[in-house]
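Student: protein27.cif (mmCIF, C-alpha atoms) pasted underneath:
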data_structure
#
loop_
_atom_site.group_PDB
_atom_site.id
_atom_site.type_symbol
_atom_site.label_atom_id
_atom_site.label_comp_id
_atom_site.auth_asym_id
_atom_site.auth_seq_id
_atom_site.Cartn_x
_atom_site.Cartn_y
_atom_site.Cartn_z
ATOM 1 C CA GLN G 218 5.170 -39.970 51.245
ATOM 2 C CA LYS G 219 7.241 -37.875 48.901
ATOM 3 C CA GLU G 220 10.669 -36.915 50.144
ATOM 4 C CA VAL G 221 10.117 -33.244 49.419
ATOM 5 C CA GLU G 222 6.680 -31.659 49.526
ATOM 6 C CA GLN G 223 5.626 -28.275 48.216
ATOM 7 C CA ASN G 224 2.274 -26.593 47.771
ATOM 8 C CA SER G 225 1.647 -26.676 44.046
ATOM 9 C CA GLY G 226 -0.060 -23.293 44.008
ATOM 10 C CA PRO G 227 -0.650 -21.297 42.072
ATOM 11 C CA LEU G 228 0.424 -18.567 44.425
ATOM 12 C CA SER G 229 -0.743 -15.205 43.184
ATOM 13 C CA VAL G 230 0.744 -12.040 44.672
ATOM 14 C CA PRO G 231 0.507 -8.369 43.647
ATOM 15 C CA GLU G 232 3.584 -6.614 42.374
ATOM 16 C CA GLY G 233 5.687 -5.286 45.220
ATOM 17 C CA ALA G 234 4.361 -7.788 47.775
ATOM 18 C CA ILE G 235 6.215 -10.600 49.514
ATOM 19 C CA ALA G 236 5.799 -14.094 48.087
ATOM 20 C CA SER G 237 6.278 -16.864 50.643
ATOM 21 C CA LEU G 238 6.988 -20.405 49.467
ATOM 22 C CA ASN G 239 7.143 -23.404 51.748
ATOM 23 C CA CYS G 240 8.773 -26.804 51.526
ATOM 24 C CA THR G 241 9.008 -29.771 53.887
ATOM 25 C CA TYR G 242 11.300 -32.761 53.627
ATOM 26 C CA SER G 243 11.132 -36.210 55.157
ATOM 27 C CA ASP G 244 14.751 -37.397 55.265
ATOM 28 C CA ARG G 245 16.427 -36.105 58.419
ATOM 29 C CA GLY G 246 19.755 -36.956 56.823
ATOM 30 C CA SER G 247 19.304 -34.174 54.287
ATOM 31 C CA GLN G 248 22.177 -31.761 54.608
ATOM 32 C CA SER G 249 21.764 -29.124 51.947
ATOM 33 C CA PHE G 250 18.761 -27.384 50.495
ATOM 34 C CA PHE G 251 18.250 -25.603 47.228
ATOM 35 C CA TRP G 252 15.750 -23.347 45.535
ATOM 36 C CA TYR G 253 15.564 -23.436 41.760
ATOM 37 C CA ARG G 254 13.438 -21.235 39.532
ATOM 38 C CA GLN G 255 11.959 -22.592 36.326
ATOM 39 C CA TYR G 256 10.300 -20.371 33.760
ATOM 40 C CA SER G 257 7.696 -21.963 31.538
ATOM 41 C CA GLY G 258 9.388 -23.998 28.823
ATOM 42 C CA LYS G 259 12.828 -23.457 30.305
ATOM 43 C CA SER G 260 15.148 -25.497 32.482
ATOM 44 C CA PRO G 261 15.608 -24.904 36.223
ATOM 45 C CA GLU G 262 18.193 -22.408 37.382
ATOM 46 C CA LEU G 263 19.624 -22.098 40.873
ATOM 47 C CA ILE G 264 18.441 -19.204 43.011
ATOM 48 C CA MET G 265 20.189 -20.085 46.238
ATOM 49 C CA PHE G 266 21.185 -22.835 48.632
ATOM 50 C CA ILE G 267 21.274 -23.089 52.406
ATOM 51 C CA TYR G 268 22.884 -25.528 54.844
ATOM 52 C CA SER G 269 22.561 -24.043 58.288
ATOM 53 C CA ASN G 270 19.532 -23.287 60.384
ATOM 54 C CA GLY G 271 18.352 -19.723 60.104
ATOM 55 C CA ASP G 272 18.083 -17.227 57.302
ATOM 56 C CA LYS G 273 20.205 -16.595 54.251
ATOM 57 C CA GLU G 274 19.628 -13.504 52.162
ATOM 58 C CA ASP G 275 20.595 -12.848 48.562
ATOM 59 C CA GLY G 276 19.159 -9.676 47.105
ATOM 60 C CA ARG G 277 15.366 -9.878 47.157
ATOM 61 C CA PHE G 278 15.445 -13.559 48.103
ATOM 62 C CA THR G 279 15.662 -15.015 51.609
ATOM 63 C CA ALA G 280 15.884 -18.726 52.320
ATOM 64 C CA GLN G 281 14.969 -20.006 55.753
ATOM 65 C CA LEU G 282 15.872 -23.407 57.154
ATOM 66 C CA ASN G 283 14.563 -25.145 60.256
ATOM 67 C CA LYS G 284 16.032 -28.622 60.496
ATOM 68 C CA ALA G 285 14.132 -29.516 63.672
ATOM 69 C CA SER G 286 10.859 -28.929 61.837
ATOM 70 C CA GLN G 287 12.255 -30.220 58.528
ATOM 71 C CA TYR G 288 11.103 -27.054 56.865
ATOM 72 C CA VAL G 289 12.579 -24.780 54.225
ATOM 73 C CA SER G 290 11.059 -21.607 52.910
ATOM 74 C CA LEU G 291 11.794 -18.955 50.311
ATOM 75 C CA LEU G 292 10.699 -15.360 50.593
ATOM 76 C CA ILE G 293 10.665 -13.114 47.556
ATOM 77 C CA ARG G 294 10.501 -9.464 48.565
ATOM 78 C CA ASP G 295 9.250 -6.700 46.286
ATOM 79 C CA SER G 296 7.882 -9.294 43.875
ATOM 80 C CA GLN G 297 8.154 -8.406 40.188
ATOM 81 C CA PRO G 298 6.275 -9.798 37.185
ATOM 82 C CA SER G 299 9.593 -11.337 36.123
ATOM 83 C CA ASP G 300 9.435 -13.505 39.260
ATOM 84 C CA SER G 301 6.448 -15.363 37.795
ATOM 85 C CA ALA G 302 7.730 -18.921 37.482
ATOM 86 C CA THR G 303 7.683 -22.312 39.130
ATOM 87 C CA TYR G 304 9.953 -22.618 42.146
ATOM 88 C CA LEU G 305 11.474 -25.992 42.924
ATOM 89 C CA CYS G 306 12.697 -26.961 46.361
ATOM 90 C CA ALA G 307 15.370 -29.649 46.575
ATOM 91 C CA ALA G 308 17.016 -31.489 49.439
ATOM 92 C CA GLY G 309 20.528 -32.889 49.136
ATOM 93 C CA ILE G 310 20.763 -36.385 50.531
ATOM 94 C CA ASN G 311 24.454 -36.821 49.822
ATOM 95 C CA ASP G 312 27.096 -35.445 47.469
ATOM 96 C CA TYR G 313 25.150 -36.600 44.454
ATOM 97 C CA LYS G 314 21.494 -37.066 45.063
ATOM 98 C CA LEU G 315 18.982 -34.263 45.188
ATOM 99 C CA SER G 316 15.295 -34.924 45.821
ATOM 100 C CA PHE G 317 13.047 -32.330 44.228
ATOM 101 C CA GLY G 318 9.592 -31.220 45.146
ATOM 102 C CA ALA G 319 6.953 -30.880 42.435
ATOM 103 C CA GLY G 320 7.259 -27.108 42.501
ATOM 104 C CA THR G 321 5.135 -24.087 43.417
ATOM 105 C CA THR G 322 3.858 -21.882 40.616
ATOM 106 C CA VAL G 323 4.028 -18.177 41.414
ATOM 107 C CA THR G 324 2.198 -15.483 39.492
ATOM 108 C CA VAL G 325 2.989 -11.833 40.208
ATOM 109 C CA ARG G 326 0.127 -9.522 39.192
ATOM 110 C CA ALA G 327 1.157 -6.167 37.767
ATOM 111 C CA ASP X 15 29.081 -18.815 29.771
ATOM 112 C CA VAL X 16 28.935 -22.358 31.091
ATOM 113 C CA LYS X 17 26.812 -24.710 29.115
ATOM 114 C CA VAL X 18 25.062 -28.020 29.253
ATOM 115 C CA THR X 19 23.900 -28.877 25.767
ATOM 116 C CA GLN X 20 21.300 -31.470 24.947
ATOM 117 C CA SER X 21 21.381 -32.647 21.365
ATOM 118 C CA SER X 22 17.659 -32.808 20.666
ATOM 119 C CA ARG X 23 15.027 -30.367 21.851
ATOM 120 C CA TYR X 24 12.047 -32.354 20.589
ATOM 121 C CA LEU X 25 11.808 -35.985 19.554
ATOM 122 C CA VAL X 26 8.918 -38.142 18.423
ATOM 123 C CA LYS X 27 9.509 -41.880 18.443
ATOM 124 C CA ARG X 28 7.433 -44.986 18.082
ATOM 125 C CA THR X 29 6.907 -47.667 20.703
ATOM 126 C CA GLY X 30 9.754 -50.163 20.649
ATOM 127 C CA GLU X 31 12.293 -47.843 19.039
ATOM 128 C CA LYS X 32 15.722 -47.342 20.559
ATOM 129 C CA VAL X 33 16.246 -43.750 21.630
ATOM 130 C CA PHE X 34 19.490 -41.924 22.358
ATOM 131 C CA LEU X 35 19.547 -38.643 24.248
ATOM 132 C CA GLU X 36 22.912 -36.921 24.247
ATOM 133 C CA CYS X 37 24.250 -34.391 26.712
ATOM 134 C CA VAL X 38 27.530 -32.483 26.629
ATOM 135 C CA GLN X 39 28.923 -30.093 29.237
ATOM 136 C CA ASP X 40 31.845 -27.738 28.835
ATOM 137 C CA MET X 41 32.498 -27.024 32.518
ATOM 138 C CA ASP X 42 34.815 -29.952 33.298
ATOM 139 C CA HIS X 43 32.302 -31.135 35.912
ATOM 140 C CA GLU X 44 32.789 -34.587 37.385
ATOM 141 C CA ASN X 45 29.114 -35.301 38.009
ATOM 142 C CA MET X 46 26.418 -35.658 35.392
ATOM 143 C CA PHE X 47 22.761 -36.525 35.809
ATOM 144 C CA TRP X 48 19.654 -37.467 33.867
ATOM 145 C CA TYR X 49 16.270 -36.452 35.252
ATOM 146 C CA ARG X 50 12.793 -36.677 33.869
ATOM 147 C CA GLN X 51 10.176 -34.069 34.674
ATOM 148 C CA ASP X 52 6.465 -34.793 34.654
ATOM 149 C CA PRO X 53 3.587 -32.546 35.768
ATOM 150 C CA GLY X 54 2.801 -33.004 39.436
ATOM 151 C CA LEU X 55 5.746 -35.333 39.978
ATOM 152 C CA GLY X 56 8.607 -32.906 39.764
ATOM 153 C CA LEU X 57 12.104 -33.928 38.795
ATOM 154 C CA ARG X 58 12.985 -37.578 39.254
ATOM 155 C CA LEU X 59 16.522 -38.896 38.991
ATOM 156 C CA ILE X 60 17.051 -41.650 36.437
ATOM 157 C CA TYR X 61 20.828 -42.159 36.523
ATOM 158 C CA PHE X 62 23.911 -40.239 37.474
ATOM 159 C CA SER X 63 27.627 -40.547 36.906
ATOM 160 C CA TYR X 64 30.430 -39.237 39.099
ATOM 161 C CA ASP X 65 33.291 -40.202 36.796
ATOM 162 C CA VAL X 66 34.029 -41.504 33.339
ATOM 163 C CA LYS X 67 32.633 -45.009 32.830
ATOM 164 C CA MET X 68 30.973 -44.861 36.263
ATOM 165 C CA LYS X 69 27.217 -44.863 36.657
ATOM 166 C CA GLU X 70 24.741 -45.176 39.477
ATOM 167 C CA LYS X 71 21.016 -45.804 39.425
ATOM 168 C CA GLY X 72 18.728 -43.081 40.576
ATOM 169 C CA ASP X 73 15.137 -43.406 41.691
ATOM 170 C CA ILE X 74 13.599 -44.576 38.415
ATOM 171 C CA PRO X 75 16.222 -46.431 36.323
ATOM 172 C CA GLU X 76 13.905 -49.090 34.911
ATOM 173 C CA GLY X 77 13.735 -48.989 31.133
ATOM 174 C CA TYR X 78 16.804 -46.762 30.840
ATOM 175 C CA SER X 79 20.548 -47.152 30.534
ATOM 176 C CA VAL X 80 23.383 -44.643 30.327
ATOM 177 C CA SER X 81 26.841 -44.310 28.901
ATOM 178 C CA ARG X 82 29.710 -42.060 29.893
ATOM 179 C CA GLU X 83 32.764 -42.710 27.756
ATOM 180 C CA LYS X 84 34.147 -39.183 28.032
ATOM 181 C CA LYS X 85 34.019 -36.747 30.918
ATOM 182 C CA GLU X 86 32.024 -34.166 29.019
ATOM 183 C CA ARG X 87 29.406 -36.485 27.530
ATOM 184 C CA PHE X 88 26.597 -38.422 29.198
ATOM 185 C CA SER X 89 24.072 -40.334 27.126
ATOM 186 C CA LEU X 90 20.680 -41.668 28.105
ATOM 187 C CA ILE X 91 19.418 -44.707 26.219
ATOM 188 C CA LEU X 92 15.909 -46.049 26.012
ATOM 189 C CA GLU X 93 16.402 -49.555 24.699
ATOM 190 C CA SER X 94 12.757 -50.010 23.711
ATOM 191 C CA ALA X 95 10.717 -46.865 24.096
ATOM 192 C CA SER X 96 7.272 -47.100 25.649
ATOM 193 C CA THR X 97 4.456 -44.576 25.864
ATOM 194 C CA ASN X 98 4.989 -44.106 29.610
ATOM 195 C CA GLN X 99 8.429 -42.721 28.801
ATOM 196 C CA THR X 100 6.874 -39.712 27.142
ATOM 197 C CA SER X 101 8.333 -36.893 29.209
ATOM 198 C CA MET X 102 10.717 -33.967 29.452
ATOM 199 C CA TYR X 103 14.266 -35.214 29.989
ATOM 200 C CA LEU X 104 16.757 -32.914 31.670
ATOM 201 C CA CYS X 105 20.483 -33.421 31.777
ATOM 202 C CA ALA X 106 22.533 -31.680 34.449
ATOM 203 C CA SER X 107 26.096 -31.461 35.585
ATOM 204 C CA SER X 108 27.545 -30.362 38.880
ATOM 205 C CA PHE X 109 30.515 -29.534 40.981
ATOM 206 C CA ILE X 110 30.829 -29.848 44.723
ATOM 207 C CA ILE X 111 30.877 -26.576 46.612
ATOM 208 C CA GLY X 112 34.164 -26.587 48.437
ATOM 209 C CA THR X 113 33.023 -24.588 51.418
ATOM 210 C CA GLY X 114 33.516 -27.238 54.041
ATOM 211 C CA GLU X 115 29.806 -27.533 54.426
ATOM 212 C CA PRO X 116 28.082 -30.901 54.215
ATOM 213 C CA GLY X 117 27.656 -32.347 50.730
ATOM 214 C CA ALA X 118 26.424 -29.758 48.304
ATOM 215 C CA ASN X 119 25.712 -30.246 44.681
ATOM 216 C CA VAL X 120 24.878 -27.281 42.528
ATOM 217 C CA LEU X 121 23.249 -28.441 39.318
ATOM 218 C CA THR X 122 23.448 -26.717 35.959
ATOM 219 C CA PHE X 123 20.720 -27.967 33.651
ATOM 220 C CA GLY X 124 20.500 -28.307 29.922
ATOM 221 C CA ALA X 125 17.533 -26.944 27.989
ATOM 222 C CA GLY X 126 15.736 -30.280 28.066
ATOM 223 C CA SER X 127 14.619 -32.839 25.523
ATOM 224 C CA ARG X 128 10.904 -33.350 25.140
ATOM 225 C CA LEU X 129 10.293 -36.928 24.059
ATOM 226 C CA THR X 130 6.966 -38.160 22.768
ATOM 227 C CA VAL X 131 6.532 -41.890 22.284
ATOM 228 C CA LEU X 132 3.606 -42.866 20.092
#
Would you write the structure of this file as structure tokens?
Tutor:
Amino acid sequence: QKEVEQNSGPLSVPEGAIASLNCTYSDRGSQSFFWYRQYSGKSPELIMFIYSNGDKEDGRFTAQLNKASQYVSLLIRDSQPSDSATYLCAAGINDYKLSFGAGTTVTVRA
Amino acid sequence: DVKVTQSSRYLVKRTGEKVFLECVQDMDHENMFWYRQDPGLGLRLIYFSYDVKMKEKGDIPEGYSVSREKKERFSLILESASTNQTSMYLCASSFIIGTGEPGANVLTFGAGSRLTVL
């Protein structure tokens, strides 16, 4: 079993809609959770991180964490074509190690 | 603008060759990492370093070694390249978020080095 699991997609949403990405993790010791965005041919860049149960909002992005269910999600509101990318979920095991999921590819249709 | 710079964007090597991948960061970060990224497998940690001359194995260290002689530079070495090491290699550096929260590790990635071993 992989430590971090994501649906590979592709997830196709119309412009202006909400894109919902899901991620589960297996290590209950995971303490911090990250969402990275990776455009085709580019390196990953951090969107946001979350530590505590509940929601965390940053602009059009909302991360949700449920440690009891070992579940992290990312919502992208008012999706734009520029949001088309692969989104990587990562769980922080300790101060150094992050385990990444394989990523979910999102396509926003204009 | 903070930067993690990888010396080679594309490399083509032959089986058995020794390969050096160089990474330099200008952010004075303590931690540096080497990942490889393969389709369907995501990012997998090869090695990391939390201080000069210190190194720790990640999830897939076999066939690789690293060197960190200076804080800003972290090198990945393939002693004898094999075809199954054909991949995208990503270097990253990080600082610890000092928010009092449990361990956090925000990575800044380099542009990547795409290695093909023939």
Student: Run the PyMOL selection byres ((chain X) within 12 of (chain G)) mentally over the shown coordinates, then write out the matched residues as an MDAnalysis selection string, using the chain letters and numbers from the document.
Tutor: chainID X and resid 18:20 23 44:65 69:73 102:128
Student: One decimal, Å: what's the distance from atom CA of G:Ser257 over to atom CA of X:Leu90, could you say?
Tutor: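 Atom-to-atom, atom CA of G:Ser257 and atom CA of X:Leu90 are spaced 23.8 Å apart.
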Student: Applying the PyMOL selection byres ((chain G and resi 299) around 12) to the file I just gave you, which residues come out? Please list them as a PyMOL selection string.
Tutor: chain G and resi 232-233+254-257+293+295-298+300-303+323-327
Student: Just C-alpha atoms for this one: save the residues we selected as a PDB file, keeping the file's coordinate frame.
Tutor:
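Listed below is the output, result14.pdb:
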ATOM      1  CA  GLU G 232       3.584  -6.614  42.374  1.00  0.00           C
ATOM      2  CA  GLY G 233       5.687  -5.286  45.220  1.00  0.00           C
ATOM      3  CA  ARG G 254      13.438 -21.235  39.532  1.00  0.00           C
ATOM      4  CA  GLN G 255      11.959 -22.592  36.326  1.00  0.00           C
ATOM      5  CA  TYR G 256      10.300 -20.371  33.760  1.00  0.00           C
ATOM      6  CA  SER G 257       7.696 -21.963  31.538  1.00  0.00           C
ATOM      7  CA  ILE G 293      10.665 -13.114  47.556  1.00  0.00           C
ATOM      8  CA  ASP G 295       9.250  -6.700  46.286  1.00  0.00           C
ATOM      9  CA  SER G 296       7.882  -9.294  43.875  1.00  0.00           C
ATOM     10  CA  GLN G 297       8.154  -8.406  40.188  1.00  0.00           C
ATOM     11  CA  PRO G 298       6.275  -9.798  37.185  1.00  0.00           C
ATOM     12  CA  ASP G 300       9.435 -13.505  39.260  1.00  0.00           C
ATOM     13  CA  SER G 301       6.448 -15.363  37.795  1.00  0.00           C
ATOM     14  CA  ALA G 302       7.730 -18.921  37.482  1.00  0.00           C
ATOM     15  CA  THR G 303       7.683 -22.312  39.130  1.00  0.00           C
ATOM     16  CA  VAL G 323       4.028 -18.177  41.414  1.00  0.00           C
ATOM     17  CA  THR G 324       2.198 -15.483  39.492  1.00  0.00           C
ATOM     18  CA  VAL G 325       2.989 -11.833  40.208  1.00  0.00           C
ATOM     19  CA  ARG G 326       0.127  -9.522  39.192  1.00  0.00           C
ATOM     20  CA  ALA G 327       1.157  -6.167  37.767  1.00  0.00           C
TER      21      ALA G 327
END
Student: By how many Å are atom CA of X:Lys32 and atom CA of X:Val66 apart?
Tutor: 23.1 Å
Student: Which residues come within 10 Å of stretch 91-93 of chain X, counting only C-alpha atoms, excluding same-chain residues fewer than 6 positions away, as a list in words?
Tutor: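 In the requested format, the answer is Gly30, Glu31, Lys32, Val33, Phe34, Leu35, Glu36, Glu76, Gly77, Tyr78, Ser79, Val80, Ser81 and Gln99 of chain X.
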